[in-house]
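Here's my_file_26.cif, which has mmCIF, C-alpha atoms:
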```
data_run
#
loop_
_atom_site.label_atom_id
_atom_site.label_comp_id
_atom_site.auth_asym_id
_atom_site.auth_seq_id
_atom_site.Cartn_x
_atom_site.Cartn_y
_atom_site.Cartn_z
CA MET A 1 91.22 109.86 103.11
CA ARG A 2 94.14 110.77 100.87
CA ASP A 3 93.55 112.04 97.36
CA MET A 4 96.50 110.61 95.42
CA THR A 5 95.39 111.66 91.96
CA GLU A 6 98.45 113.86 91.50
CA ASP A 7 100.72 111.03 92.65
CA LEU A 8 99.12 108.85 90.01
CA VAL A 9 99.79 111.52 87.37
CA GLY A 10 103.50 111.27 88.23
CA LEU A 11 103.34 107.50 87.84
CA VAL A 12 100.93 107.03 84.94
CA PRO A 13 100.39 109.80 82.36
CA PRO A 14 96.69 110.62 81.83
CA PRO A 15 95.36 110.42 78.27
CA GLU A 16 95.80 113.55 76.17
CA GLU A 17 92.10 113.33 75.35
CA PRO A 18 90.36 111.64 78.31
CA ASP A 19 87.21 109.63 77.75
CA PRO A 20 84.52 111.79 79.46
CA ALA A 21 83.18 110.34 82.69
CA GLY A 22 79.80 112.06 82.63
CA GLY A 23 78.09 113.55 85.65
CA GLY A 24 78.36 112.95 89.38
CA ALA A 25 77.37 109.95 91.45
CA PRO A 26 74.07 108.18 90.87
CA GLY A 27 71.55 109.07 93.54
CA SER A 28 71.56 105.61 95.11
CA VAL A 29 75.28 105.45 95.96
CA VAL A 30 78.05 107.53 97.51
CA LEU A 31 81.28 107.97 95.56
CA SER A 32 84.43 109.35 97.12
CA GLU A 33 85.66 112.84 96.23
CA ASP A 34 89.09 111.54 95.24
CA TYR A 35 87.48 109.16 92.73
CA LEU A 36 85.50 112.01 91.17
CA HIS A 37 88.70 114.11 91.04
CA PHE A 38 90.49 111.19 89.38
CA LEU A 39 87.81 110.99 86.70
CA SER A 40 88.14 114.72 86.00
CA VAL A 41 91.84 114.16 85.23
CA TYR A 42 91.94 110.69 83.64
CA GLY A 43 88.40 110.09 82.48
CA VAL A 44 87.26 106.49 82.05
CA GLY A 45 89.77 103.82 81.09
CA THR A 46 92.01 100.89 81.93
CA PHE A 47 95.26 100.50 83.85
CA ASP A 48 97.83 98.14 82.34
CA MET A 49 95.24 96.48 80.09
CA PHE A 50 93.61 94.87 83.12
CA LEU A 51 91.98 97.12 85.73
CA HIS A 52 89.02 99.09 84.39
CA VAL A 53 87.75 102.27 86.07
CA MET A 54 84.10 103.08 85.32
CA ALA A 55 82.13 106.28 84.99
CA PRO A 56 79.27 107.00 87.41
CA GLU A 57 76.77 106.98 84.55
CA ARG A 58 77.03 106.62 80.77
CA SER A 59 74.59 106.77 77.90
CA ASP A 60 76.74 104.98 75.31
CA GLY A 61 76.16 101.45 76.53
CA ARG A 62 79.53 101.02 78.24
CA ALA A 63 79.87 99.85 81.83
CA ASN A 64 78.96 102.37 84.50
CA VAL A 65 78.69 102.49 88.27
CA ARG A 66 74.92 102.56 88.40
CA GLU A 67 74.37 99.49 86.20
CA ARG A 68 77.27 97.45 87.55
CA THR A 69 76.21 98.11 91.14
CA ALA A 70 72.64 97.00 90.41
CA SER A 71 73.97 93.91 88.63
CA PHE A 72 76.25 93.15 91.57
CA TRP A 73 73.37 93.14 94.05
CA SER A 74 71.48 90.72 91.80
CA VAL A 75 74.44 88.35 91.57
CA LEU A 76 75.06 88.53 95.31
CA ALA A 77 71.41 87.65 95.96
CA ARG A 78 71.62 84.61 93.67
CA MET A 79 74.90 83.47 95.20
CA SER A 80 73.39 83.85 98.67
CA GLU A 81 70.57 81.50 97.66
CA PHE A 82 72.94 78.81 96.36
CA VAL A 83 75.63 79.00 99.08
CA PRO A 84 74.09 80.97 101.96
CA GLU A 85 76.69 80.06 104.58
CA ALA A 86 79.62 81.02 102.36
CA MET A 87 78.03 84.29 101.29
CA ALA A 88 76.64 85.34 104.67
CA PRO A 89 79.71 87.29 105.91
CA LEU A 90 79.99 89.32 102.69
CA SER A 91 76.26 89.80 102.27
CA ASP A 92 75.71 90.85 105.88
CA MET A 93 78.58 93.35 105.77
CA LEU A 94 77.39 94.99 102.57
CA HIS A 95 73.71 95.08 103.49
CA ALA A 96 74.67 96.81 106.73
CA ALA A 97 76.65 99.51 104.86
CA ALA A 98 75.31 102.98 104.16
CA SER A 99 76.41 102.77 100.52
CA VAL A 100 77.98 100.26 98.15
CA ALA A 101 79.23 101.16 94.67
CA VAL A 102 81.05 99.09 92.04
CA TRP A 103 83.58 101.53 90.58
CA GLY A 104 85.91 99.13 88.76
CA SER A 105 86.46 95.64 87.42
CA THR A 106 89.20 93.51 85.89
CA ASP A 107 89.60 91.43 82.76
CA ASN A 108 89.32 88.35 84.97
CA GLY A 109 85.93 89.38 86.35
CA ASP A 110 87.04 90.70 89.76
CA LEU A 111 85.04 93.65 91.12
CA CYS A 112 86.26 96.83 92.84
CA LEU A 113 83.80 98.32 95.33
CA TRP A 114 83.63 101.49 97.40
CA VAL A 115 81.89 100.73 100.68
CA VAL A 116 80.72 103.41 103.12
CA PRO A 117 79.79 102.06 106.57
CA VAL A 118 77.03 103.54 108.68
CA GLY A 119 77.77 105.97 111.49
CA GLY A 120 80.14 108.27 109.63
CA GLU A 121 83.04 105.82 109.44
CA ASP A 122 85.53 106.19 106.60
CA GLY A 123 84.80 104.34 103.39
CA PHE A 124 87.08 101.61 102.13
CA VAL A 125 87.97 99.69 98.97
CA LEU A 126 86.70 96.13 98.74
CA ILE A 127 87.96 93.73 96.07
CA ILE A 128 85.79 90.70 95.35
CA GLY A 129 87.24 87.80 93.38
CA SER A 130 85.51 86.75 90.18
CA ARG A 131 83.93 83.67 91.76
CA PHE A 132 82.82 85.48 94.92
CA GLU A 133 84.87 82.99 96.92
CA ASP A 134 87.21 85.58 98.40
CA TRP A 135 87.21 89.29 99.13
CA TYR A 136 89.79 91.72 100.46
CA GLU A 137 89.27 94.96 102.37
CA TYR A 138 91.64 97.92 102.12
CA GLY A 139 91.17 100.87 104.44
CA VAL A 140 92.21 103.47 101.87
CA GLY A 141 90.58 105.73 99.30
CA ILE A 142 90.22 104.71 95.67
CA THR A 143 93.12 106.78 94.32
CA GLU A 144 95.42 105.60 97.10
CA PHE A 145 94.47 102.02 96.32
CA LEU A 146 95.20 102.55 92.63
CA TYR A 147 98.57 104.15 93.36
CA ARG A 148 99.64 101.51 95.85
CA ILE A 149 98.49 98.58 93.70
CA LEU A 150 100.46 99.94 90.73
CA THR A 151 103.61 100.53 92.79
CA GLY A 152 103.39 97.10 94.39
CA ASP A 153 102.85 98.46 97.89
CA ILE A 154 99.55 96.55 97.88
CA ARG A 155 99.40 93.05 96.43
CA CYS A 156 95.81 91.85 96.11
CA PRO A 157 95.57 88.02 96.12
CA ALA A 158 92.58 88.22 93.78
CA PHE A 159 94.72 89.75 91.03
CA PRO A 160 97.16 87.72 88.90
CA GLU A 161 100.88 87.86 89.54
CA ASP A 162 101.54 89.59 86.20
CA PHE A 163 99.54 92.65 87.25
CA PRO A 164 100.70 95.36 87.33
CA THR A 165 102.83 95.07 84.22
CA THR A 166 106.04 96.98 83.61
CA GLY A 167 104.69 98.86 80.63
CA VAL A 168 102.62 98.47 77.50
CA GLN A 169 105.65 98.46 75.24
CA MET A 170 107.24 95.50 76.99
CA VAL A 171 104.01 93.53 77.15
CA PHE A 172 102.72 94.16 73.64
CA GLY A 173 105.91 94.64 71.66
CA ASP A 174 105.31 96.22 68.27
CA VAL A 175 101.56 96.43 68.91
CA VAL A 176 102.37 99.72 70.60
CA ALA A 177 103.88 101.11 67.41
CA VAL A 178 100.84 99.94 65.44
CA ALA A 179 98.35 101.41 67.91
CA ASP A 180 100.37 104.57 68.70
CA LEU A 181 99.79 104.26 72.44
CA PRO A 182 101.58 105.60 75.55
CA THR A 183 104.75 103.74 76.51
CA ALA A 184 105.28 104.75 80.14
CA ARG A 185 106.14 102.23 82.85
CA HIS A 186 102.42 101.80 83.37
CA SER A 187 99.60 102.68 81.04
CA PHE A 188 96.12 104.15 81.34
CA LEU A 189 94.18 103.71 78.11
CA THR A 190 90.85 105.15 77.08
CA GLY A 191 88.15 102.75 75.93
CA ASP A 192 88.99 103.30 72.28
CA GLN A 193 92.71 102.77 72.88
CA TYR A 194 92.01 99.58 74.80
CA ILE A 195 89.93 98.23 71.91
CA ARG A 196 92.67 99.12 69.43
CA VAL A 197 95.25 97.18 71.41
CA MET A 198 92.96 94.17 71.71
CA ASP A 199 92.29 94.29 67.97
CA ALA A 200 96.00 94.51 67.22
CA TRP A 201 97.11 91.97 69.83
CA PRO A 202 97.42 88.89 67.56
CA ALA A 203 99.31 90.73 64.80
CA PRO A 204 102.90 90.04 65.98
CA TRP A 205 102.04 86.41 66.69
CA LYS A 206 100.54 85.96 63.24
CA THR A 207 103.82 87.22 61.80
CA ILE A 208 105.74 84.69 63.89
CA GLN A 209 103.40 81.92 62.78
CA GLU A 210 103.88 82.82 59.15
CA GLU A 211 107.67 82.86 59.47
CA GLN A 212 107.72 79.53 61.28
CA ARG A 213 105.42 77.94 58.71
CA LYS A 214 107.76 79.13 55.95
CA GLN A 215 110.61 77.43 57.78
CA GLY A 216 108.56 74.27 58.24
CA GLY A 217 108.39 74.45 62.04
CA PRO A 218 105.46 74.45 64.46
CA SER A 219 103.85 77.78 65.26
CA PRO A 220 102.46 79.13 68.53
CA GLY A 221 98.93 77.85 69.15
CA ASP A 222 99.22 74.97 66.65
CA SER A 223 97.66 71.77 67.95
CA GLY A 224 98.54 69.50 65.07
CA ASN A 225 95.26 70.08 63.26
CA GLY A 226 95.72 73.59 61.95
CA GLY A 227 94.90 75.28 65.28
CA GLY A 228 95.35 79.03 65.46
CA PHE A 229 96.62 81.62 67.91
CA GLU A 230 94.81 82.07 71.20
CA VAL A 231 95.19 85.22 73.28
CA PRO A 232 96.73 84.25 76.65
CA MET A 233 94.69 84.83 79.81
CA ARG A 234 96.02 86.86 82.73
CA GLY A 235 96.92 84.93 85.81
#
```
Now, as a test, write the supplied structure out as C-alpha coordinates.
Amino acid sequence: MRDMTEDLVGLVPPPEEPDPAGGGAPGSVVLSEDYLHFLSVYGVGTFDMFLHVMAPERSDGRANVRERTASFWSVLARMSEFVPEAMAPLSDMLHAAASVAVWGSTDNGDLCLWVVPVGGEDGFVLIIGSRFEDWYEYGVGITEFLYRILTGDIRCPAFPEDFPTTGVQMVFGDVVAVADLPTARHSFLTGDQYIRVMDAWPAPWKTIQEEQRKQGGPSPGDSGNGGGFEVPMRG
(Lines of atoms letter the chains of each structure in order from A and count residues from 1; the text may use other names and numbers.)
(Lines give C-alpha, C1' and ligand atoms only; values in the text may rest on other atoms or scores of the structure.)
Protein backbone atom coordinates (compact mmCIF):
# COMPACT_ATOMS: atom_id res chain seq x y z
CA MET A 1 0.00 0.00 0.00
CA ARG A 2 1.31 3.42 -0.95
CA ASP A 3 1.11 6.31 1.47
CA MET A 4 0.50 9.30 -0.80
CA THR A 5 -0.10 11.89 1.90
CA GLU A 6 2.92 13.92 0.80
CA ASP A 7 1.76 13.77 -2.82
CA LEU A 8 -1.57 15.16 -1.67
CA VAL A 9 0.21 17.99 0.15
CA GLY A 10 1.77 18.99 -3.18
CA LEU A 11 -1.65 18.96 -4.81
CA VAL A 12 -3.92 20.31 -2.07
CA PRO A 13 -2.52 22.53 0.73
CA PRO A 14 -3.50 21.29 4.21
CA PRO A 15 -5.29 23.76 6.49
CA GLU A 16 -3.05 26.04 8.52
CA GLU A 17 -5.00 24.97 11.60
CA PRO A 18 -6.28 21.42 10.97
CA ASP A 19 -9.47 20.25 12.62
CA PRO A 20 -8.19 17.63 15.15
CA ALA A 21 -9.03 14.06 14.24
CA GLY A 22 -8.95 12.63 17.75
CA GLY A 23 -7.46 9.28 18.68
CA GLY A 24 -6.75 6.10 16.76
CA ALA A 25 -9.11 3.58 15.23
CA PRO A 26 -12.17 2.37 17.12
CA GLY A 27 -11.63 -1.10 18.52
CA SER A 28 -14.13 -2.73 16.17
CA VAL A 29 -12.49 -1.71 12.89
CA VAL A 30 -9.10 -1.58 11.18
CA LEU A 31 -7.98 1.70 9.64
CA SER A 32 -5.02 1.95 7.29
CA GLU A 33 -1.78 3.59 8.43
CA ASP A 34 -1.79 6.00 5.49
CA TYR A 35 -5.26 7.23 6.50
CA LEU A 36 -4.08 7.88 10.06
CA HIS A 37 -1.01 9.68 8.67
CA PHE A 38 -3.28 11.76 6.45
CA LEU A 39 -5.36 12.81 9.45
CA SER A 40 -2.23 13.87 11.33
CA VAL A 41 -1.42 16.28 8.47
CA TYR A 42 -4.84 17.44 7.25
CA GLY A 43 -7.16 16.72 10.14
CA VAL A 44 -10.85 16.27 9.38
CA GLY A 45 -12.42 18.10 6.45
CA THR A 46 -13.77 18.20 2.92
CA PHE A 47 -12.19 18.05 -0.53
CA ASP A 48 -13.62 20.42 -3.14
CA MET A 49 -16.79 21.01 -1.11
CA PHE A 50 -17.94 17.46 -1.80
CA LEU A 51 -15.88 14.57 -0.40
CA HIS A 52 -15.80 14.49 3.40
CA VAL A 53 -13.09 12.66 5.35
CA MET A 54 -14.11 11.63 8.87
CA ALA A 55 -12.26 11.23 12.14
CA PRO A 56 -12.08 7.80 13.80
CA GLU A 57 -13.99 9.11 16.82
CA ARG A 58 -15.33 12.51 17.88
CA SER A 59 -17.06 13.87 20.93
CA ASP A 60 -18.50 17.02 19.35
CA GLY A 61 -21.41 15.40 17.56
CA ARG A 62 -19.88 15.48 14.08
CA ALA A 63 -19.68 12.41 11.86
CA ASN A 64 -17.08 9.84 12.82
CA VAL A 65 -15.95 6.42 11.66
CA ARG A 66 -17.40 4.50 14.58
CA GLU A 67 -20.92 5.93 14.30
CA ARG A 68 -21.09 5.98 10.51
CA THR A 69 -19.87 2.38 10.29
CA ALA A 70 -22.51 1.22 12.79
CA SER A 71 -25.16 3.18 10.88
CA PHE A 72 -24.00 1.64 7.61
CA TRP A 73 -24.44 -1.91 8.90
CA SER A 74 -27.98 -1.04 10.00
CA VAL A 75 -28.88 0.40 6.60
CA LEU A 76 -27.34 -2.57 4.79
CA ALA A 77 -29.40 -4.95 6.93
CA ARG A 78 -32.62 -3.07 6.11
CA MET A 79 -31.79 -2.94 2.41
CA SER A 80 -31.05 -6.67 2.46
CA GLU A 81 -34.53 -7.31 3.85
CA PHE A 82 -36.27 -5.26 1.15
CA VAL A 83 -34.18 -6.33 -1.87
CA PRO A 84 -32.24 -9.44 -0.78
CA GLU A 85 -31.18 -10.55 -4.25
CA ALA A 86 -29.81 -7.14 -5.20
CA MET A 87 -27.97 -6.71 -1.92
CA ALA A 88 -26.62 -10.25 -1.59
CA PRO A 89 -23.31 -9.71 -3.46
CA LEU A 90 -22.42 -6.61 -1.44
CA SER A 91 -23.67 -7.98 1.86
CA ASP A 92 -21.90 -11.32 1.44
CA MET A 93 -18.60 -9.66 0.51
CA LEU A 94 -18.64 -7.29 3.48
CA HIS A 95 -19.80 -9.86 6.03
CA ALA A 96 -16.94 -12.09 4.93
CA ALA A 97 -14.36 -9.30 5.45
CA ALA A 98 -12.14 -9.07 8.50
CA SER A 99 -12.96 -5.37 8.92
CA VAL A 100 -15.19 -2.74 7.34
CA ALA A 101 -14.95 0.98 8.15
CA VAL A 102 -16.77 3.98 6.69
CA TRP A 103 -14.07 6.66 6.51
CA GLY A 104 -15.73 9.18 4.18
CA SER A 105 -18.91 10.34 2.51
CA THR A 106 -20.08 12.82 -0.11
CA ASP A 107 -22.65 15.59 -0.28
CA ASN A 108 -24.76 13.28 -2.45
CA GLY A 109 -24.84 10.53 0.18
CA ASP A 110 -22.23 8.18 -1.32
CA LEU A 111 -20.10 6.27 1.20
CA CYS A 112 -16.34 5.59 1.20
CA LEU A 113 -15.31 2.36 2.92
CA TRP A 114 -12.03 0.72 3.86
CA VAL A 115 -12.42 -3.05 3.58
CA VAL A 116 -9.86 -5.53 4.91
CA PRO A 117 -10.36 -9.10 3.64
CA VAL A 118 -9.58 -12.15 5.73
CA GLY A 119 -6.35 -14.07 5.31
CA GLY A 120 -3.95 -11.13 5.33
CA GLU A 121 -4.93 -9.77 1.92
CA ASP A 122 -4.44 -6.06 1.25
CA GLY A 123 -7.30 -3.75 2.11
CA PHE A 124 -9.10 -1.77 -0.56
CA VAL A 125 -11.33 1.28 -1.02
CA LEU A 126 -14.99 0.59 -1.74
CA ILE A 127 -17.34 3.34 -2.90
CA ILE A 128 -21.05 2.70 -2.47
CA GLY A 129 -23.55 4.89 -4.31
CA SER A 130 -26.13 6.78 -2.28
CA ARG A 131 -28.95 4.40 -3.20
CA PHE A 132 -26.90 1.25 -2.63
CA GLU A 133 -27.60 0.29 -6.22
CA ASP A 134 -23.96 0.31 -7.30
CA TRP A 135 -20.55 -0.04 -5.71
CA TYR A 136 -17.00 0.22 -7.00
CA GLU A 137 -13.86 -1.45 -5.69
CA TYR A 138 -10.41 0.14 -5.95
CA GLY A 139 -7.36 -1.89 -4.98
CA VAL A 140 -5.46 1.06 -3.51
CA GLY A 141 -4.96 2.70 -0.12
CA ILE A 142 -7.08 5.63 1.01
CA THR A 143 -4.52 8.35 0.32
CA GLU A 144 -3.75 6.93 -3.12
CA PHE A 145 -7.45 6.88 -3.89
CA LEU A 146 -7.81 10.50 -2.78
CA TYR A 147 -4.83 11.60 -4.87
CA ARG A 148 -5.91 9.72 -7.98
CA ILE A 149 -9.56 10.82 -7.74
CA LEU A 150 -8.47 14.47 -7.46
CA THR A 151 -6.05 14.22 -10.40
CA GLY A 152 -8.62 12.45 -12.56
CA ASP A 153 -6.61 9.23 -12.78
CA ILE A 154 -9.61 7.52 -11.17
CA ARG A 155 -13.12 8.43 -12.26
CA CYS A 156 -15.73 6.91 -9.96
CA PRO A 157 -19.12 6.49 -11.70
CA ALA A 158 -20.88 7.12 -8.39
CA PHE A 159 -19.51 10.67 -8.24
CA PRO A 160 -20.90 13.54 -10.35
CA GLU A 161 -19.05 14.78 -13.41
CA ASP A 162 -18.30 18.14 -11.78
CA PHE A 163 -16.17 16.51 -9.09
CA PRO A 164 -13.34 17.20 -8.66
CA THR A 165 -13.65 20.92 -9.28
CA THR A 166 -10.87 23.14 -10.58
CA GLY A 167 -10.70 25.24 -7.46
CA VAL A 168 -12.83 26.96 -4.86
CA GLN A 169 -12.27 30.39 -6.36
CA MET A 170 -13.65 29.38 -9.75
CA VAL A 171 -16.62 27.55 -8.29
CA PHE A 172 -17.66 30.05 -5.64
CA GLY A 173 -16.53 33.35 -7.12
CA ASP A 174 -16.43 36.16 -4.58
CA VAL A 175 -17.60 33.81 -1.80
CA VAL A 176 -13.93 32.98 -1.42
CA ALA A 177 -13.08 36.60 -0.68
CA VAL A 178 -15.91 36.78 1.84
CA ALA A 179 -14.93 33.54 3.57
CA ASP A 180 -11.15 34.07 3.29
CA LEU A 181 -10.53 30.49 2.17
CA PRO A 182 -7.70 28.73 0.27
CA THR A 183 -7.71 29.26 -3.49
CA ALA A 184 -5.54 26.42 -4.77
CA ARG A 185 -6.54 24.26 -7.74
CA HIS A 186 -8.28 21.99 -5.25
CA SER A 187 -9.38 22.75 -1.74
CA PHE A 188 -9.45 20.95 1.59
CA LEU A 189 -11.60 22.80 4.10
CA THR A 190 -12.04 22.23 7.80
CA GLY A 191 -15.56 21.75 9.13
CA ASP A 192 -15.83 25.39 10.14
CA GLN A 193 -14.58 26.60 6.75
CA TYR A 194 -17.04 24.34 4.96
CA ILE A 195 -19.92 25.77 7.00
CA ARG A 196 -18.78 29.32 6.26
CA VAL A 197 -18.79 28.67 2.53
CA MET A 198 -22.24 27.08 2.68
CA ASP A 199 -23.54 30.04 4.68
CA ALA A 200 -22.05 32.49 2.19
CA TRP A 201 -23.00 30.54 -0.94
CA PRO A 202 -26.20 32.43 -1.86
CA ALA A 203 -24.67 35.90 -1.36
CA PRO A 204 -23.44 36.52 -4.94
CA TRP A 205 -26.70 35.21 -6.37
CA LYS A 206 -28.75 37.48 -4.12
CA THR A 207 -26.74 40.39 -5.49
CA ILE A 208 -27.51 39.29 -9.05
CA GLN A 209 -31.18 38.93 -8.20
CA GLU A 210 -31.30 42.41 -6.74
CA GLU A 211 -29.61 43.94 -9.79
CA GLN A 212 -31.93 42.12 -12.18
CA ARG A 213 -35.00 43.14 -10.22
CA LYS A 214 -33.85 46.77 -10.39
CA GLN A 215 -33.59 46.40 -14.16
CA GLY A 216 -37.02 44.77 -14.33
CA GLY A 217 -35.79 41.38 -15.55
CA PRO A 218 -36.27 37.86 -14.19
CA SER A 219 -33.82 36.65 -11.57
CA PRO A 220 -32.24 33.23 -11.05
CA GLY A 221 -34.61 30.90 -9.19
CA ASP A 222 -37.71 33.00 -9.91
CA SER A 223 -40.73 30.87 -10.80
CA GLY A 224 -43.18 33.64 -11.54
CA ASN A 225 -44.57 33.70 -8.01
CA GLY A 226 -41.75 35.33 -6.11
CA GLY A 227 -39.63 32.16 -5.88
CA GLY A 228 -36.17 32.51 -4.41
CA PHE A 229 -32.69 31.17 -5.03
CA GLU A 230 -32.05 27.47 -4.65
CA VAL A 231 -28.56 26.08 -4.15
CA PRO A 232 -27.74 23.78 -7.11
CA MET A 233 -27.13 20.09 -6.43
CA ARG A 234 -23.96 18.33 -7.55
CA GLY A 235 -24.33 15.91 -10.40
**Prompt:** So what do you get for CA of Glu17 in chain A versus CA of Tyr194 in chain A, distance-wise?
**Reply:**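 Result for CA of Glu17 in chain A versus CA of Tyr194 in chain A: 13.8 Å, one decimal.
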**Prompt:** Of the candidates A:Glu121, A:Glu133, A:Asp92, A:Asp48, which one gets nearest to Asp162 in chain A if we count only C-alpha atoms?
**Reply:** A:Asp48
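The nearest approach to Asp107 in chain A among the residues A:Pro56, A:Gly139, A:Pro89, A:Pro160, with all atoms listed in the file taken into account, belongs to A:Pro160.
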**From A:Gly104, A:Leu90, A:Phe188, A:Gly152, residue lying nearest Val41 in chain A [all atoms listed in the file]** =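 Using all atoms listed in the file, the shortest distance to Val41 in chain A belongs to A:Phe188.
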**Prompt:** Out of A:Phe47, A:Trp114, A:Phe124, A:Phe145, which residue has the shortest atom-to-atom distance to Met4 in chain A when counting all atoms listed in the file?
**Reply:** A:Phe145
**Request:** Let me know the residues the PyMOL selection byres ((chain A and resi 116) around 12) catches in the file above, as a count of residues only.
**Result:** 30
**Request:** Step by step, work through what the PyMOL selection byres ((chain A and resi 45) around 8) selects in the shown file, and finish by giving those residues as a list in words.
**Result:**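 For this structure, the PyMOL selection byres ((chain A and resi 45) around 8) captures Asp19, Tyr42, Gly43, Val44, Thr46, Phe47, His52, Val53, Met54, Phe188, Leu189, Thr190, Gly191 and Tyr194 of chain A.
Close contacts of Asp3 in chain A, defined as residues with an atom at most 7 Å away when counting all atoms listed in the file, with chain neighbours fewer than 6 positions off set aside, comprise Asp34, Thr143 and Glu144 of chain A.
Nearest residue to Met49 in chain A, choosing from A:Glu137, A:Glu85, A:Val75, A:Asn108 and counting all atoms listed in the file: A:Asn108.
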